[in-house]
$ cat work33.csv   # CSV, C-alpha atoms
chain,number,residue,atom,x,y,z
N,209,MET,CA,16.8,-4.7,7.0
N,210,PHE,CA,13.4,-5.3,5.5
N,211,ARG,CA,12.0,-8.6,4.5
N,212,ARG,CA,8.6,-9.3,3.1
N,213,ILE,CA,6.4,-11.6,5.1
N,214,PRO,CA,6.5,-15.0,3.4
N,215,HIS,CA,3.1,-16.4,2.3
N,216,LEU,CA,1.2,-13.7,4.1
N,217,ASN,CA,1.7,-15.6,7.4
N,218,LYS,CA,2.3,-12.5,9.4
N,219,ILE,CA,-0.7,-10.6,8.3
N,220,GLY,CA,-2.7,-13.8,8.6
N,221,ARG,CA,-1.7,-14.2,12.2
N,222,LEU,CA,-2.4,-10.6,13.0
N,223,CYS,CA,-5.8,-10.7,11.5
N,224,SER,CA,-6.7,-14.1,12.9
N,225,ARG,CA,-6.2,-12.8,16.5
N,226,LEU,CA,-9.0,-10.4,15.8
N,227,ILE,CA,-11.3,-12.8,14.0
N,228,ASN,CA,-10.9,-15.5,16.6
N,229,ASN,CA,-11.6,-13.2,19.6
N,230,LYS,CA,-15.2,-12.5,18.5
N,231,SER,CA,-14.6,-8.8,19.1
N,232,ASN,CA,-16.6,-5.9,17.7
N,233,TYR,CA,-13.7,-5.3,15.3
N,234,ASN,CA,-14.7,-8.3,13.2
N,235,ASN,CA,-17.2,-6.4,11.1
N,236,GLU,CA,-14.9,-3.4,10.8
N,237,ILE,CA,-12.1,-5.6,9.4
N,238,ALA,CA,-14.5,-7.0,6.9
N,239,ASN,CA,-15.7,-3.5,6.0
N,240,ILE,CA,-12.1,-2.6,5.0
N,241,ILE,CA,-12.5,-4.8,1.9
N,242,GLY,CA,-16.3,-4.9,1.7
N,243,GLY,CA,-18.7,-7.8,2.2
N,244,LYS,CA,-20.2,-9.4,5.2
N,245,TYR,CA,-18.1,-11.0,7.9
N,246,ASN,CA,-18.5,-14.6,8.7
N,247,ASN,CA,-16.3,-17.0,10.6
N,248,ASN,CA,-15.6,-19.3,7.7
N,249,ARG,CA,-12.0,-20.4,7.2
N,250,ASN,CA,-12.1,-20.2,3.4
N,251,TYR,CA,-13.5,-16.7,3.7
N,252,PHE,CA,-10.7,-15.7,6.1
N,253,ASN,CA,-8.1,-17.0,3.6
N,254,GLN,CA,-9.6,-14.9,0.9
N,255,PHE,CA,-9.9,-12.0,3.2
N,256,SER,CA,-6.2,-12.2,4.2
N,257,PHE,CA,-5.2,-12.3,0.5
N,258,ILE,CA,-7.3,-9.3,-0.5
N,259,VAL,CA,-6.0,-7.2,2.4
N,260,ALA,CA,-2.4,-8.1,1.5
N,261,ALA,CA,-3.0,-7.1,-2.1
N,262,SER,CA,-3.6,-3.5,-1.2
N,263,VAL,CA,-1.8,-3.2,2.2
N,264,VAL,CA,1.8,-4.5,2.4
N,265,LEU,CA,3.0,-5.5,5.9
N,266,LEU,CA,6.7,-5.7,6.4
N,267,THR,CA,8.8,-6.5,9.4
N,268,ILE,CA,12.2,-5.1,10.3
N,269,ASN,CA,14.7,-7.5,11.7
N,270,THR,CA,15.7,-6.1,15.1
N,271,THR,CA,16.9,-9.3,16.8
N,272,ASN,CA,20.6,-9.6,15.9
N,273,ASN,CA,20.5,-12.9,17.8
N,274,ASP,CA,19.1,-11.1,20.9
N,275,SER,CA,15.8,-12.8,21.7
N,276,LYS,CA,14.8,-10.0,24.1
N,277,LYS,CA,14.5,-7.4,21.4
N,278,GLY,CA,11.0,-6.3,20.3
N,279,GLU,CA,9.6,-6.5,16.8
N,280,VAL,CA,8.9,-3.7,14.4
N,281,ASP,CA,6.1,-4.1,11.8
N,282,VAL,CA,5.4,-1.7,9.0
N,283,ILE,CA,2.0,-1.2,7.2
N,284,LEU,CA,2.3,0.4,3.8
N,285,GLY,CA,-0.2,1.0,1.1
N,286,ALA,CA,0.3,-0.5,-2.4
N,287,GLN,CA,-2.5,1.2,-4.3
N,288,TRP,CA,-1.6,4.9,-4.1
N,289,GLY,CA,-3.7,5.6,-1.0
N,290,ASP,CA,-7.2,4.9,0.3
N,291,GLU,CA,-6.5,1.2,1.0
N,292,GLY,CA,-7.7,1.4,4.6
N,293,LYS,CA,-4.3,1.6,6.3
N,294,GLY,CA,-5.7,3.8,9.1
N,295,LYS,CA,-8.5,1.3,9.9
N,296,LEU,CA,-6.1,-1.6,9.9
N,297,VAL,CA,-3.6,0.2,12.1
N,298,ASP,CA,-6.4,1.1,14.6
N,299,ILE,CA,-7.4,-2.5,14.8
N,300,LEU,CA,-3.9,-4.0,15.1
N,301,SER,CA,-2.3,-1.4,17.3
N,302,LYS,CA,-3.9,-2.8,20.5
N,303,ASP,CA,-1.3,-5.6,20.2
N,304,TYR,CA,1.6,-3.1,20.0
N,305,ASP,CA,3.3,-0.9,22.6
N,306,ILE,CA,4.1,1.9,20.1
N,307,CYS,CA,2.4,3.1,17.0
N,308,ALA,CA,4.5,5.5,14.9
N,309,ARG,CA,4.2,7.8,11.9
N,310,VAL,CA,7.6,8.2,10.3
N,311,GLY,CA,7.0,10.3,7.2
N,312,GLY,CA,4.7,12.7,5.3
N,313,GLY,CA,2.5,15.3,6.8
N,314,SER,CA,-1.1,16.5,7.1
N,315,ASN,CA,-1.8,15.6,3.5
N,316,ALA,CA,-2.4,12.1,4.8
N,317,GLY,CA,-5.9,11.3,5.9
N,318,HIS,CA,-7.0,8.4,7.9
N,319,THR,CA,-10.7,8.1,9.0
N,320,ILE,CA,-11.6,5.8,11.8
N,321,VAL,CA,-15.1,5.1,13.3
N,322,ALA,CA,-15.1,3.8,16.9
N,323,ASN,CA,-18.1,3.6,19.1
N,324,ASN,CA,-20.1,5.4,16.4
N,325,ILE,CA,-17.7,8.4,16.6
N,326,LYS,CA,-15.8,9.4,13.5
N,327,TYR,CA,-12.2,10.5,13.9
N,328,LYS,CA,-10.2,12.0,11.1
N,329,PHE,CA,-6.4,11.9,11.6
N,330,HIS,CA,-3.9,13.8,9.5
N,331,LEU,CA,-0.9,13.8,11.8
N,332,VAL,CA,-1.8,11.9,14.9
N,333,PRO,CA,-1.1,8.1,14.5
N,334,SER,CA,-4.2,6.0,14.1
N,335,GLY,CA,-3.3,3.9,17.2
N,336,ILE,CA,-4.1,6.8,19.5
N,337,LEU,CA,-7.6,5.4,20.3
N,338,ASN,CA,-6.0,2.4,22.0
N,339,LEU,CA,-5.3,3.7,25.4
N,340,LYS,CA,-2.4,1.4,26.2
N,341,THR,CA,-0.5,2.3,23.0
N,342,HIS,CA,2.1,5.1,22.9
N,343,CYS,CA,2.1,7.1,19.6
N,344,VAL,CA,5.1,8.7,18.0
N,345,ILE,CA,5.3,11.4,15.4
N,346,GLY,CA,8.8,10.7,14.1
N,347,ASN,CA,11.6,12.9,12.8
N,348,GLY,CA,10.7,12.3,9.2
N,349,VAL,CA,7.3,13.8,9.6
N,350,VAL,CA,6.6,17.5,8.7
N,351,VAL,CA,4.2,18.9,11.3
N,352,HIS,CA,1.6,21.6,10.7
N,353,VAL,CA,1.3,22.7,14.3
N,354,ARG,CA,-2.1,24.4,14.0
N,355,GLY,CA,-3.5,21.3,12.3
N,356,LEU,CA,-2.0,19.0,14.9
N,357,LEU,CA,-3.4,20.9,17.8
N,358,GLU,CA,-6.8,21.0,16.2
N,359,GLU,CA,-6.7,17.2,16.0
N,360,LEU,CA,-5.7,16.9,19.7
N,361,ARG,CA,-8.6,19.3,20.6
N,362,SER,CA,-11.0,17.0,18.8
N,363,LEU,CA,-9.7,14.0,20.8
N,364,THR,CA,-10.1,15.9,24.0
N,365,ASP,CA,-13.6,16.9,23.1
N,366,GLU,CA,-14.5,13.2,22.6
N,367,GLY,CA,-13.0,12.2,25.9
N,368,VAL,CA,-9.9,10.5,24.5
N,369,ASP,CA,-7.0,10.8,27.0
N,370,TYR,CA,-3.7,11.0,25.1
N,371,SER,CA,-1.7,12.6,27.9
N,372,GLY,CA,1.7,11.0,28.2
N,373,ARG,CA,1.1,8.8,25.2
N,374,LEU,CA,1.9,11.1,22.3
N,375,HIS,CA,5.6,11.7,21.6
N,376,ILE,CA,6.7,14.3,19.0
N,377,SER,CA,10.2,14.1,17.6
N,378,ASP,CA,12.3,17.2,18.5
N,379,ARG,CA,13.8,16.8,15.0
N,380,ALA,CA,10.5,16.9,13.1
N,381,HIS,CA,10.3,20.0,10.9
N,382,ILE,CA,7.5,22.5,11.1
N,383,VAL,CA,5.1,23.3,8.3
N,384,PHE,CA,4.3,27.0,8.5
N,385,ASP,CA,1.2,28.6,7.0
N,386,PHE,CA,3.4,30.4,4.5
N,387,HIS,CA,4.7,27.0,3.3
N,388,GLN,CA,1.0,26.3,2.3
N,389,THR,CA,0.8,29.6,0.5
N,390,ILE,CA,4.0,28.8,-1.4
N,391,ASP,CA,2.6,25.3,-2.2
N,392,ALA,CA,-0.5,26.9,-3.8
N,393,TRP,CA,1.6,29.4,-5.7
N,394,ASN,CA,3.8,26.7,-7.1
N,395,GLU,CA,0.8,24.7,-8.3
N,396,LYS,CA,-0.7,27.8,-9.9
N,397,GLN,CA,2.6,28.5,-11.8
N,398,LEU,CA,2.5,24.9,-13.2
N,399,ALA,CA,-0.9,25.6,-14.7
N,400,ASP,CA,-2.1,22.5,-16.7
N,401,LYS,CA,1.0,20.6,-15.6
N,402,LYS,CA,0.4,21.0,-11.9
N,403,LEU,CA,1.2,18.1,-9.7
N,404,GLY,CA,-2.2,18.1,-7.9
N,405,THR,CA,-0.9,18.6,-4.4
N,406,THR,CA,-3.2,19.2,-1.5
N,407,ASN,CA,-1.7,22.6,-0.9
N,408,LYS,CA,-0.8,21.5,2.6
N,409,GLY,CA,2.7,22.9,2.4
N,410,ILE,CA,4.4,19.5,2.5
N,411,GLY,CA,6.7,19.9,-0.5
N,412,PRO,CA,7.9,23.5,0.5
N,413,SER,CA,8.5,22.3,4.1
N,414,TYR,CA,10.6,19.4,2.9
N,415,SER,CA,12.4,21.9,0.7
N,416,SER,CA,13.2,24.0,3.7
N,417,LYS,CA,14.4,20.8,5.5
N,418,SER,CA,16.7,19.9,2.6
N,419,MET,CA,18.0,23.5,2.3
N,420,ARG,CA,18.8,23.4,6.1
N,421,ASN,CA,16.9,26.6,6.7
N,422,GLY,CA,13.8,25.0,8.1
N,423,LEU,CA,12.7,25.0,11.8
N,424,ARG,CA,12.2,21.9,14.0
N,425,ILE,CA,9.8,21.3,16.8
N,426,GLY,CA,12.8,21.1,19.2
N,427,ASP,CA,13.8,24.7,18.2
N,428,LEU,CA,10.8,25.9,20.3
N,429,ARG,CA,12.8,25.1,23.4
N,430,ASP,CA,14.8,28.3,22.8
N,431,MET,CA,12.6,31.1,21.5
N,432,LYS,CA,15.5,33.4,20.9
N,433,TYR,CA,17.0,30.9,18.6
N,434,PHE,CA,13.6,30.1,17.1
N,435,GLU,CA,13.0,33.7,16.2
N,436,GLN,CA,16.4,34.1,14.6
N,437,ARG,CA,15.8,31.0,12.5
N,438,LEU,CA,12.3,32.1,11.5
N,439,ARG,CA,13.4,35.6,10.5
N,440,ASN,CA,16.2,34.1,8.3
N,441,LEU,CA,13.8,31.7,6.7
N,442,VAL,CA,11.2,34.3,5.9
N,443,LYS,CA,13.9,36.6,4.5
N,444,GLN,CA,15.1,33.8,2.1
N,445,LEU,CA,11.6,32.9,1.1
N,446,GLN,CA,10.5,36.5,0.4
N,447,THR,CA,13.6,36.9,-1.8
N,448,ALA,CA,12.6,33.7,-3.7
N,449,TYR,CA,8.9,34.6,-3.8
N,450,PRO,CA,8.5,38.4,-4.3
N,451,GLY,CA,5.2,39.6,-2.9
N,452,LEU,CA,5.0,36.8,-0.3
N,453,GLU,CA,3.5,38.5,2.8
N,454,ILE,CA,4.4,37.0,6.2
N,455,ASP,CA,3.6,38.6,9.5
N,456,VAL,CA,6.7,37.3,11.5
N,457,ASP,CA,5.6,39.0,14.8
N,458,LYS,CA,2.2,37.3,14.6
N,459,GLU,CA,3.8,33.9,13.9
N,460,LEU,CA,6.2,34.4,16.8
N,461,GLU,CA,3.2,35.3,19.1
N,462,TYR,CA,1.4,32.2,18.1
N,463,TYR,CA,4.3,29.8,18.6
N,464,ASN,CA,5.2,31.4,21.9
N,465,ASN,CA,1.6,30.7,23.1
N,466,VAL,CA,1.6,27.1,22.1
N,467,ARG,CA,5.2,26.1,22.8
N,468,GLY,CA,4.6,24.9,26.3
N,469,GLU,CA,2.0,22.4,25.1
N,470,LEU,CA,4.2,21.2,22.3
N,471,ILE,CA,7.4,20.9,24.4
N,472,SER,CA,5.6,18.8,26.9
N,473,MET,CA,5.1,16.2,24.2
N,474,THR,CA,8.5,16.6,22.5
N,475,THR,CA,11.3,14.1,22.9
N,476,ASP,CA,14.1,12.4,21.2
N,477,THR,CA,11.9,9.7,19.5
N,478,ILE,CA,14.9,7.9,18.1
N,479,THR,CA,16.2,7.1,21.5
N,480,PHE,CA,12.7,6.5,22.8
N,481,VAL,CA,11.8,3.9,20.2
N,482,ASN,CA,15.2,2.2,20.2
N,483,ASP,CA,15.1,1.8,24.0
N,484,ALA,CA,11.6,0.4,23.8
N,485,ILE,CA,12.7,-2.2,21.2
N,486,LYS,CA,15.7,-3.2,23.4
N,487,GLU,CA,13.2,-3.7,26.3
N,488,GLY,CA,11.2,-6.2,24.1
N,489,LYS,CA,8.4,-3.8,23.2
N,490,ASN,CA,6.8,-4.1,19.8
N,491,VAL,CA,6.3,-1.2,17.3
N,492,LEU,CA,3.8,-0.7,14.5
N,493,ILE,CA,4.8,1.8,11.9
N,494,GLU,CA,1.8,3.4,10.1
N,495,GLY,CA,2.5,4.2,6.5
N,496,ALA,CA,1.0,7.4,5.2
N,497,ASN,CA,1.0,8.8,1.6
N,498,ALA,CA,2.3,5.3,0.6
$ encode --input "work33.csv" --output "structure tokens"
Amino acid sequence: MFRRIPHLNKIGRLCSRLINNKSNYNNEIANIIGGKYNNNRNYFNQFSFIVAASVVLLTINTTNNDSKKGEVDVILGAQWGDEGKGKLVDILSKDYDICARVGGGSNAGHTIVANNIKYKFHLVPSGILNLKTHCVIGNGVVVHVRGLLEELRSLTDEGVDYSGRLHISDRAHIVFDFHQTIDAWNEKQLADKKLGTTNKGIGPSYSSKSMRNGLRIGDLRDMKYFEQRLRNLVKQLQTAYPGLEIDVDKELEYYNNVRGELISMTTDTITFVNDAIKEGKNVLIEGANA
């Protein structure tokens, strides 16, 4: 059950925590909407209103008369992207036990600057820089594995320890490179009526999901099953797209090499998040593509 936060009280309280603690985040909050930060109450009221105009914060009622249950807040964009959702999630997630992405794929782009280092996240939740926050890539997300691992390498290179804090849903579907090829082909066929996708394979991957011939991250636990599913998917796609070249053996070699790393982060995130809420932990859901 969703309910809009009345009179912006929720987002006001969340932002005021940061403004009142005199942290280095103050200037970054102000930079989300532009202008110079100052500790003036009238300015803060205007600031809260402007943020809420482009970023909608919702809460999910999880209590059911059980005061021990945690709270789930959702940050969504209201201006077709580029509202500063990632920055806001980075700032607020320190007050949450879990930060989760629940939909979309690597076509999302959230840029965060921390300690003069620029991070660009496409799949990894923006709360990952807060070392006490666990991050979830949920079952509604479609995951381009190569892109995800590149993001994780960049975090490691900058000394960010995410071990034991990143949890990937075993039900999340995989975006293969050939999904991206198909995405580009579809756009080309539409000519001047093209949708303007990012050619990241998001649509074709969700199509495979809806057709029930896609592969999930959890399928990597059984490579024999994974291979069977992959060969069936490729056969169907090559029938639908004559001329589509896919080196199945090369794909299998790659996924066999990275499966160990992926499996170590894979879990039933539905149970993980629900158990956390029952334990009184709070969850921040990061909207992407919306």
$ residues_around --input "work33.csv" --residues "Thr341 in chain N" --least-positions-apart "3" --cutoff "6 Å" --atoms "all atoms listed in the file" --output "count of residues only"
3
$ closest_residue --input "work33.csv" --among "N:Gln287, N:Ser314, N:Ser334, N:Asn482" --to "Lys408 in chain N" --atoms "all atoms listed in the file"
N:Ser314
$ residues_around --input "work33.csv" --residues "Gly411 in chain N" --least-positions-apart "5" --cutoff "12 Å" --atoms "only C-alpha atoms" --output "ChimeraX atom specification"
/N:312-315,349-350,381-384,387-395,403-406,416-418
$ atom_distance --input "work33.csv" --atom1 "CA of Phe329 in chain N" --atom2 "CA of Gly317 in chain N"
5.8 Å
$ closest_residue --input "work33.csv" --among "N:Leu363, N:Leu374, N:Leu441, N:Val282" --to "Lys326 in chain N" --atoms "only C-alpha atoms"
N:Leu363
$ residues_around --input "work33.csv" --residues "Ala496 in chain N" --least-positions-apart "2" --cutoff "7 Å" --atoms "only C-alpha atoms" --output "PDB file with C-alpha atoms, in the coordinates of the input"
ATOM      1  CA  GLY N 311       7.000  10.300   7.200  1.00  0.00           C
ATOM      2  CA  GLY N 312       4.700  12.700   5.300  1.00  0.00           C
ATOM      3  CA  ALA N 316      -2.400  12.100   4.800  1.00  0.00           C
ATOM      4  CA  GLU N 494       1.800   3.400  10.100  1.00  0.00           C
ATOM      5  CA  ALA N 498       2.300   5.300   0.600  1.00  0.00           C
TER       6      ALA N 498
END
$ atom_distance --input "work33.csv" --atom1 "CA of His330 in chain N" --atom2 "CA of Cys343 in chain N"
13.5 Å
$ residues_around --input "work33.csv" --residues "range 459-470 of chain N" --least-positions-apart "5" --cutoff "10 Å" --atoms "only C-alpha atoms" --output "NGL selection string"
:N and (353-354 or 356-357 or 375-376 or 378 or 384-385 or 425-431 or 434-435 or 438-439 or 454)
$ write_last_selection --input "work33.csv" --atoms "C-alpha atoms" --output "CSV table (one decimal), keeping the file's coordinate frame"
chain,number,residue,atom,x,y,z
N,353,VAL,CA,1.3,22.7,14.3
N,354,ARG,CA,-2.1,24.4,14.0
N,356,LEU,CA,-2.0,19.0,14.9
N,357,LEU,CA,-3.4,20.9,17.8
N,375,HIS,CA,5.6,11.7,21.6
N,376,ILE,CA,6.7,14.3,19.0
N,378,ASP,CA,12.3,17.2,18.5
N,384,PHE,CA,4.3,27.0,8.5
N,385,ASP,CA,1.2,28.6,7.0
N,425,ILE,CA,9.8,21.3,16.8
N,426,GLY,CA,12.8,21.1,19.2
N,427,ASP,CA,13.8,24.7,18.2
N,428,LEU,CA,10.8,25.9,20.3
N,429,ARG,CA,12.8,25.1,23.4
N,430,ASP,CA,14.8,28.3,22.8
N,431,MET,CA,12.6,31.1,21.5
N,434,PHE,CA,13.6,30.1,17.1
N,435,GLU,CA,13.0,33.7,16.2
N,438,LEU,CA,12.3,32.1,11.5
N,439,ARG,CA,13.4,35.6,10.5
N,454,ILE,CA,4.4,37.0,6.2
$ residues_near_point --input "work33.csv" --point "(-2.7, 4.0, 28.8)" --cutoff "10 Å" --atoms "all atoms listed in the file" --output "JSON, numbers by chain"
{"N": [305, 336, 337, 338, 339, 340, 341, 342, 369, 370, 371, 372, 373]}
$ atom_distance --input "work33.csv" --atom1 "CA of Leu360 in chain N" --atom2 "CA of Val332 in chain N"
8.0 Å
$ closest_residue --input "work33.csv" --among "N:Asn347, N:Gln446, N:Asn421, N:Ser413" --to "Thr479 in chain N" --atoms "all atoms listed in the file"
N:Asn347
